[in-house]
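*Asks:* Supplied structure: final_22.txt, compact mmCIF, C-alpha atoms.
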# COMPACT_ATOMS: atom_id res chain seq x y z
CA MET A 1 126.40 81.94 79.14
CA ASP A 2 124.89 81.48 75.67
CA PRO A 3 121.56 83.22 74.84
CA MET A 4 119.64 79.94 74.53
CA THR A 5 120.50 78.88 78.07
CA GLN A 6 119.72 82.35 79.41
CA GLY A 7 116.28 82.27 77.73
CA GLN A 8 115.53 78.86 79.19
CA LEU A 9 116.59 80.06 82.62
CA LYS A 10 114.15 82.99 82.34
CA GLU A 11 111.33 80.64 81.37
CA TRP A 12 112.01 78.28 84.28
CA PHE A 13 112.22 81.15 86.73
CA VAL A 14 108.93 82.62 85.53
CA LEU A 15 107.31 79.18 85.69
CA LEU A 16 108.59 78.67 89.24
CA ALA A 17 107.35 82.11 90.27
CA MET A 18 103.91 81.41 88.78
CA PHE A 19 103.60 78.05 90.57
CA SER A 20 104.72 79.65 93.83
CA LEU A 21 102.13 82.40 93.45
CA PHE A 22 99.43 79.84 92.65
CA GLY A 23 100.39 77.78 95.71
CA TRP A 24 100.28 80.85 97.94
CA VAL A 25 96.83 81.85 96.64
CA ALA A 26 95.56 78.27 97.12
CA TYR A 27 96.88 78.25 100.70
CA LEU A 28 95.20 81.58 101.46
CA GLY A 29 91.92 80.35 99.96
CA ALA A 30 92.00 77.13 101.97
CA SER A 31 92.77 79.06 105.16
CA MET A 32 89.87 81.40 104.51
CA VAL A 33 87.44 78.50 103.91
CA ARG A 34 88.66 76.70 107.04
CA ARG A 35 88.23 79.85 109.14
CA LYS A 36 84.70 80.41 107.77
CA GLN A 37 83.71 76.81 108.50
CA ARG A 38 85.00 77.05 112.06
CA SER A 39 83.15 80.33 112.57
CA ASP A 40 79.90 78.89 111.20
CA MET A 41 80.22 75.83 113.42
CA GLN A 42 80.78 77.95 116.52
CA LYS A 43 77.85 80.20 115.63
CA ALA A 44 75.56 77.18 115.16
CA LEU A 45 76.67 75.73 118.51
CA LEU A 46 75.97 79.00 120.32
CA GLU A 47 72.51 79.24 118.72
CA LYS A 48 71.60 75.80 120.17
CA PHE A 49 71.43 77.20 123.71
CA SER A 50 67.97 78.51 124.62
CA SER A 51 69.01 80.39 127.75
CA ALA A 52 72.03 81.76 129.57
CA HIS A 53 71.56 79.05 132.22
CA ASP A 54 71.98 76.28 129.60
CA PHE A 55 75.09 77.99 128.29
CA ALA A 56 76.53 78.34 131.82
CA GLU A 57 75.98 74.62 132.46
CA PHE A 58 77.72 73.82 129.18
CA MET A 59 80.68 76.00 130.15
CA GLN A 60 81.08 74.03 133.41
CA SER A 61 81.38 70.72 131.55
CA PRO A 62 84.71 69.40 130.19
CA ALA A 63 83.41 69.85 126.64
CA GLY A 64 82.58 73.49 127.38
CA GLN A 65 86.01 74.13 128.81
CA LYS A 66 87.61 72.59 125.73
CA TYR A 67 85.41 74.84 123.56
CA VAL A 68 86.62 77.93 125.44
CA LEU A 69 90.25 76.84 125.08
CA ASN A 70 89.78 76.60 121.30
CA PHE A 71 88.33 80.09 121.35
CA THR A 72 91.31 81.50 123.24
CA ASP A 73 93.74 79.87 120.80
CA GLU A 74 92.21 81.88 117.96
CA VAL A 75 92.08 85.18 119.85
CA THR A 76 95.68 86.07 120.54
CA GLY A 77 97.16 88.91 122.51
CA PRO A 78 98.47 92.10 120.96
CA ILE A 79 102.11 91.02 121.18
CA ASN A 80 101.38 87.87 119.14
CA SER A 81 99.58 89.94 116.51
CA ILE A 82 102.44 92.43 116.33
CA THR A 83 104.99 89.60 116.05
CA ASN A 84 103.01 87.97 113.23
CA ALA A 85 102.81 91.29 111.38
CA ILE A 86 106.58 91.68 111.69
CA LYS A 87 107.15 88.15 110.35
CA VAL A 88 104.87 88.72 107.35
CA GLY A 89 106.39 92.13 106.70
CA ILE A 90 109.96 90.83 106.66
CA VAL A 91 109.09 87.91 104.37
CA LEU A 92 107.22 90.16 101.92
CA LEU A 93 109.98 92.78 102.01
CA PHE A 94 112.72 90.30 101.13
CA ALA A 95 110.58 88.42 98.59
CA GLY A 96 109.76 91.71 96.91
CA ALA A 97 113.39 92.78 96.83
CA ALA A 98 114.33 89.43 95.25
CA LEU A 99 111.59 89.77 92.62
CA VAL A 100 112.65 93.33 91.80
CA ALA A 101 116.28 92.26 91.43
CA SER A 102 115.47 89.29 89.21
CA GLY A 103 112.93 91.27 87.18
CA GLN A 104 115.48 93.98 86.44
CA ARG A 105 118.23 91.46 85.74
CA HIS A 106 116.14 89.48 83.25
CA ASN A 107 114.12 92.46 81.94
CA ILE A 108 110.78 90.94 82.97
CA TRP A 109 108.44 93.80 83.87
CA LEU A 110 105.89 91.52 85.58
CA LEU A 111 108.43 90.30 88.13
CA ASP A 112 109.62 93.85 88.66
CA THR A 113 106.06 95.07 89.27
CA MET A 114 105.19 92.16 91.57
CA GLY A 115 108.39 92.81 93.48
CA MET A 116 107.64 96.49 93.96
CA PHE A 117 104.11 95.65 95.13
CA SER A 118 105.38 93.00 97.56
CA THR A 119 108.05 95.33 98.91
CA CYS A 120 105.50 98.09 99.54
CA VAL A 121 103.08 95.69 101.25
CA GLY A 122 105.92 94.32 103.41
CA ALA A 123 106.97 97.82 104.40
CA GLY A 124 103.33 98.57 105.23
CA PHE A 125 103.16 95.54 107.52
CA LEU A 126 106.34 96.64 109.31
CA ILE A 127 105.11 100.22 109.73
CA SER A 128 101.76 98.95 111.00
CA ALA A 129 103.49 96.65 113.49
CA ALA A 130 105.68 99.51 114.74
CA ILE A 131 102.68 101.80 115.25
CA SER A 132 100.74 99.00 116.95
CA TYR A 133 103.65 98.33 119.29
CA LEU A 134 103.97 102.01 120.21
CA LEU A 135 100.23 102.24 120.89
CA TYR A 136 100.31 99.04 122.94
CA ARG A 137 103.24 100.30 125.00
CA ARG A 138 101.52 103.65 125.58
CA MET A 139 98.26 101.97 126.66
CA LYS A 140 100.14 99.57 128.93
CA SER A 141 102.00 102.44 130.67
CA ALA A 142 98.72 104.37 131.07
CA GLU A 143 97.15 101.24 132.55
CA ILE A 144 100.03 100.87 135.03
CA ARG A 145 99.74 104.56 136.04
CA SER A 146 95.98 104.27 136.59
CA ALA A 147 96.44 101.07 138.63
CA GLY A 148 98.95 102.87 140.85
CA LYS A 149 96.41 105.59 141.67
CA ASP A 150 93.87 103.08 143.00
Using structure tokens, write down the structure from this file.
*Replies:*
Amino acid sequence: MDPMTQGQLKEWFVLLAMFSLFGWVAYLGASMVRRKQRSDMQKALLEKFSSAHDFAEFMQSPAGQKYVLNFTDEVTGPINSITNAIKVGIVLLFAGAALVASGQRHNIWLLDTMGMFSTCVGAGFLISAAISYLLYRRMKSAEIRSAGKD
């Protein structure tokens, strides 16, 4: 491969990496804004009720039941959280490894640094998921033992 083509390939790769990073940051920002808006809306709705009796009547209505179902969709169980952490960890680990490899191949220190950072964060997610799973399993077995004593 001639040097001109190799230089153009580096430029296109860096440009693609920058656009990908920008897209990821935009997605995270939009998700954060959407979550904040939903939280504010739910808080405003809860503040509308003057008493517990009004809130209980609302919860008996079809609209109240739909509201509770939306709440439970957001609050997931520990296994779902652990699974999501594993997914994110694997993606970050492999993306980081790819960035490190391409950064070293093309002698681009920024890609190499971003890759190392991504790899470390991915490994952190995987370690966190493993510890969470072990704690969950230990709590579940303690719960089963205590239920057997009753």
*Asks:* Can you list, as a PyMOL selection string, every protein, DNA or RNA residue that comes within 9 Å of Ala129 of chain A when you count only C-alpha atoms, leaving out same-chain residues fewer than 3 positions away?
*Replies:* chain A and resi 81-86+89+124-126+132-134
*Asks:* One decimal, Å: what's the distance from atom CA of Tyr27 of chain A over to atom CA of Asn107 of chain A, could you say?
*Replies:*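 Computing the Euclidean distance for atom CA of Tyr27 of chain A and atom CA of Asn107 of chain A yields 29.2 Å.
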*Asks:* Give me the residues within 12 Å of Phe117 of chain A as a list in words, counting all atoms listed in the file and dropping any in the same chain fewer than 5 places off.
*Replies:* Leu92, Leu93, Phe94, Ala95, Gly96, Ala97, Ala98, Leu99, Val100, Leu110, Leu111, Asp112, Gly122, Ala123 and Gly124 of chain A
*Asks:* Rounded to one decimal, what separation in Å do you get between atom CA of Lys66 of chain A and atom CA of Leu45 of chain A?
*Replies:*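 Between atom CA of Lys66 of chain A and atom CA of Leu45 of chain A the gap works out to 13.5 Å.
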*Asks:* Enter the distance from atom CA of Leu69 of chain A to atom CA of Leu28 of chain A, in Å, rounded to one decimal.
*Replies:*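 Straight-line distance from atom CA of Leu69 of chain A to atom CA of Leu28 of chain A works out to 24.6 Å.
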*Asks:* Which one is closest to Arg38 of chain A: A:Ala101, A:Tyr67, A:Gly115, A:Gln8? Count only C-alpha atoms.
*Replies:*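 Looking only at the distances to Arg38 of chain A, the closest residue turns out to be A:Tyr67.
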*Asks:* Let me make sure I understand: among A:Asn80, A:Gln65, A:Gln42, A:Thr5, which one has the smallest atom-to-atom distance to Tyr136 of chain A if we use all atoms listed in the file?
*Replies:* A:Asn80
